[in-house]
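Source file: target.pdb; contents: PDB, C-alpha atoms, pLDDT in the B column.
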ATOM      1  CA  MET S   1       0.000   0.000   0.000  1.00 45.00           C
ATOM      2  CA  THR S   2       1.392   3.412  -0.937  1.00 47.00           C
ATOM      3  CA  ILE S   3       0.189   6.386   1.079  1.00 47.00           C
ATOM      4  CA  PRO S   4       1.157   9.948   0.213  1.00 48.00           C
ATOM      5  CA  LYS S   5       3.439  11.585   2.761  1.00 53.00           C
ATOM      6  CA  ASP S   6       0.723  14.081   3.701  1.00 54.00           C
ATOM      7  CA  SER S   7      -2.529  12.135   3.378  1.00 63.00           C
ATOM      8  CA  ASP S   8      -5.837  13.668   4.419  1.00 74.00           C
ATOM      9  CA  PHE S   9      -6.611  13.330   8.089  1.00 80.00           C
ATOM     10  CA  ILE S  10      -9.139  10.680   9.096  1.00 84.00           C
ATOM     11  CA  PHE S  11     -10.176  12.161  12.438  1.00 88.00           C
ATOM     12  CA  GLU S  12      -9.301  15.212  14.523  1.00 90.00           C
ATOM     13  CA  GLN S  13      -9.947  16.283  18.087  1.00 92.00           C
ATOM     14  CA  PRO S  14      -9.046  19.691  19.558  1.00 92.00           C
ATOM     15  CA  TYR S  15      -7.283  19.381  22.923  1.00 90.00           C
ATOM     16  CA  ARG S  16      -5.766  22.296  24.805  1.00 86.00           C
ATOM     17  CA  ASN S  17      -3.656  24.336  22.380  1.00 84.00           C
ATOM     18  CA  ASN S  18      -3.360  21.578  19.775  1.00 88.00           C
ATOM     19  CA  VAL S  19      -5.516  19.613  17.364  1.00 91.00           C
ATOM     20  CA  TRP S  20      -4.840  15.879  17.450  1.00 91.00           C
ATOM     21  CA  ARG S  21      -5.132  14.257  14.035  1.00 90.00           C
ATOM     22  CA  VAL S  22      -5.299  10.651  12.904  1.00 90.00           C
ATOM     23  CA  GLN S  23      -3.936  10.065   9.416  1.00 88.00           C
ATOM     24  CA  LEU S  24      -2.068   7.530   7.323  1.00 87.00           C
ATOM     25  CA  CYS S  25       1.566   8.315   6.629  1.00 85.00           C
ATOM     26  CA  ASN S  26       4.861   6.855   5.496  1.00 83.00           C
ATOM     27  CA  TYR S  27       7.548   6.490   8.152  1.00 78.00           C
ATOM     28  CA  ASN S  28      10.919   5.166   7.016  1.00 83.00           C
ATOM     29  CA  GLY S  29       9.179   3.626   3.997  1.00 84.00           C
ATOM     30  CA  ASN S  30       6.508   1.879   6.081  1.00 85.00           C
ATOM     31  CA  VAL S  31       2.818   2.765   6.190  1.00 86.00           C
ATOM     32  CA  ARG S  32       1.783   3.899   9.675  1.00 87.00           C
ATOM     33  CA  VAL S  33      -1.301   5.242  11.371  1.00 88.00           C
ATOM     34  CA  SER S  34      -0.296   8.502  12.967  1.00 87.00           C
ATOM     35  CA  LEU S  35      -1.954  10.152  15.972  1.00 88.00           C
ATOM     36  CA  TRP S  36      -0.110  13.429  16.221  1.00 88.00           C
ATOM     37  CA  PRO S  37      -0.632  16.900  17.706  1.00 89.00           C
ATOM     38  CA  TRP S  38      -0.839  19.858  15.323  1.00 89.00           C
ATOM     39  CA  PHE S  39      -0.599  23.546  16.231  1.00 88.00           C
ATOM     40  CA  LYS S  40      -1.741  26.784  14.605  1.00 87.00           C
ATOM     41  CA  ASP S  41       1.143  28.806  13.159  1.00 87.00           C
ATOM     42  CA  ALA S  42       1.294  32.616  13.025  1.00 90.00           C
ATOM     43  CA  ASP S  43      -0.958  32.575   9.933  1.00 92.00           C
ATOM     44  CA  GLY S  44      -3.528  30.306  11.608  1.00 87.00           C
ATOM     45  CA  ALA S  45      -2.643  27.274   9.471  1.00 88.00           C
ATOM     46  CA  LEU S  46      -2.326  23.899  11.195  1.00 85.00           C
ATOM     47  CA  GLN S  47       1.207  22.466  11.236  1.00 84.00           C
ATOM     48  CA  PRO S  48       2.394  19.163  12.747  1.00 83.00           C
ATOM     49  CA  CYS S  49       4.258  19.583  16.015  1.00 82.00           C
ATOM     50  CA  ASN S  50       7.946  18.873  15.518  1.00 75.00           C
ATOM     51  CA  PRO S  51       8.818  15.379  16.862  1.00 64.00           C
ATOM     52  CA  LYS S  52      12.191  16.787  17.906  1.00 64.00           C
ATOM     53  CA  TYR S  53      10.426  18.805  20.599  1.00 61.00           C
ATOM     54  CA  ILE S  54       7.104  17.004  21.115  1.00 61.00           C
ATOM     55  CA  ARG S  55       7.427  13.346  22.107  1.00 66.00           C
ATOM     56  CA  ASN S  56       3.799  12.544  22.797  1.00 78.00           C
ATOM     57  CA  GLY S  57       2.576  11.538  19.352  1.00 84.00           C
ATOM     58  CA  LEU S  58       1.929   7.956  18.308  1.00 86.00           C
ATOM     59  CA  GLN S  59       2.602   5.999  15.131  1.00 87.00           C
ATOM     60  CA  MET S  60       1.500   2.414  14.815  1.00 90.00           C
ATOM     61  CA  PRO S  61       1.412  -0.242  12.092  1.00 91.00           C
ATOM     62  CA  PRO S  62      -1.963  -0.467  10.321  1.00 88.00           C
ATOM     63  CA  GLU S  63      -2.206  -4.166  11.224  1.00 91.00           C
ATOM     64  CA  ARG S  64      -2.999  -3.066  14.810  1.00 92.00           C
ATOM     65  CA  LEU S  65      -6.013  -0.956  13.785  1.00 87.00           C
ATOM     66  CA  TRP S  66      -8.372  -3.850  14.427  1.00 90.00           C
ATOM     67  CA  GLU S  67      -7.198  -4.086  18.041  1.00 94.00           C
ATOM     68  CA  LEU S  68      -7.520  -0.326  18.511  1.00 91.00           C
ATOM     69  CA  GLY S  69     -11.026  -0.383  17.042  1.00 91.00           C
ATOM     70  CA  GLU S  70     -12.026  -3.210  19.375  1.00 95.00           C
ATOM     71  CA  ALA S  71     -10.654  -1.289  22.374  1.00 94.00           C
ATOM     72  CA  ILE S  72     -12.560   1.862  21.400  1.00 93.00           C
ATOM     73  CA  THR S  73     -15.763  -0.157  20.848  1.00 95.00           C
ATOM     74  CA  ALA S  74     -15.352  -1.805  24.280  1.00 96.00           C
ATOM     75  CA  ALA S  75     -14.798   1.586  25.936  1.00 94.00           C
ATOM     76  CA  LYS S  76     -17.925   2.989  24.271  1.00 94.00           C
ATOM     77  CA  ALA S  77     -19.992  -0.028  25.359  1.00 95.00           C
ATOM     78  CA  GLU S  78     -18.804   0.431  28.949  1.00 94.00           C
ATOM     79  CA  ILE S  79     -19.683   4.136  28.873  1.00 94.00           C
ATOM     80  CA  ASP S  80     -23.101   3.389  27.351  1.00 93.00           C
ATOM     81  CA  SER S  81     -23.883   0.720  29.954  1.00 93.00           C
ATOM     82  CA  SER S  82     -22.866   2.987  32.837  1.00 89.00           C
ATOM     83  CA  GLY S  83     -25.215   5.747  31.704  1.00 77.00           C
ATOM     84  CA  ALA S  84     -22.382   8.287  31.668  1.00 66.00           C
TER      85      ALA S  84
END
Conversion result in structure tokens:
Amino acid sequence: MTIPKDSDFIFEQPYRNNVWRVQLCNYNGNVRVSLWPWFKDADGALQPCNPKYIRNGLQMPPERLWELGEAITAAKAEIDSSGA
């Protein structure tokens, strides 16, 4: 599978001063799912936070997406059953 270096984001969630985005990317020639914080630059455009300074992003192999989806589904079911 070939993914462009800057593919469209799949999901985003604002949190504090950043916007967290999920997107597909290439990392060292391997396709990864990236969950990474983005910030607004001086012009208001979103830019990815530099990994040199921000170490709290996540990249994972796409083969693990099924497990992540199952975990999110289980969390939602628990929230729904608790009435929260």
Mind checking which residues fall within 10 Å of stretch 62-70 of chain S, counting all atoms listed in the file, ignoring those fewer than 4 positions away in the same chain, and posting them as a PDB file with C-alpha atoms, in the frame of the given file?
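New file around-v2.pdb:
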ATOM      1  CA  LEU S  24      -2.068   7.530   7.323  1.00 87.00           C
ATOM      2  CA  ASN S  30       6.508   1.879   6.081  1.00 85.00           C
ATOM      3  CA  VAL S  31       2.818   2.765   6.190  1.00 86.00           C
ATOM      4  CA  ARG S  32       1.783   3.899   9.675  1.00 87.00           C
ATOM      5  CA  VAL S  33      -1.301   5.242  11.371  1.00 88.00           C
ATOM      6  CA  SER S  34      -0.296   8.502  12.967  1.00 87.00           C
ATOM      7  CA  ALA S  74     -15.352  -1.805  24.280  1.00 96.00           C
ATOM      8  CA  ALA S  75     -14.798   1.586  25.936  1.00 94.00           C
ATOM      9  CA  LYS S  76     -17.925   2.989  24.271  1.00 94.00           C
TER      10      LYS S  76
END
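If you measure from each of S:Ile72, S:Lys40, S:Gln59, S:Cys49 to S:Val22 using all atoms listed in the file, the closest one turns out to be S:Gln59.
Going from atom CA of S:Leu46 to atom CA of S:Val19 covers 8.2 Å.
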Item to complete: Record the distance separating atom CA of S:Trp38 and atom CA of S:Pro61, expressed in Å with one decimal.
Response: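 Here the two named atoms are 20.5 Å from each other.
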Let me have the centre and edge lengths of the axis-aligned box enclosing all listed atoms of stretch 57-72 of chain S with 3 Å padding on every side, in Å to one decimal, as lines of an AutoDock Vina configuration file.
center_x = -5.0
center_y = 3.7
center_z = 16.3
size_x = 21.2
size_y = 21.7
size_z = 18.1
Worksheet entry | Explicit residues for the PyMOL selection byres ((chain S and resi 12) around 10) (as a PyMOL selection string) | chain S and resi 9-11+13-15+19-23+35-38
Worksheet item: Hey, which of S:Ala77, S:Asn17, S:Asn26, S:Asp8 ends up closest to S:Asp41? Count all atoms listed in the file.
Response: S:Asn17
Worksheet item: Of the candidates S:Asn18, S:Asn28, S:Ala71, S:Met60, which one gets nearest to S:Ala45 if we count only C-alpha atoms?
Response: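 Of all the options, S:Asn18 lies closest to S:Ala45.
Put simply, atom CA of S:Thr73 is 23.4 Å away from atom CA of S:Asn56.
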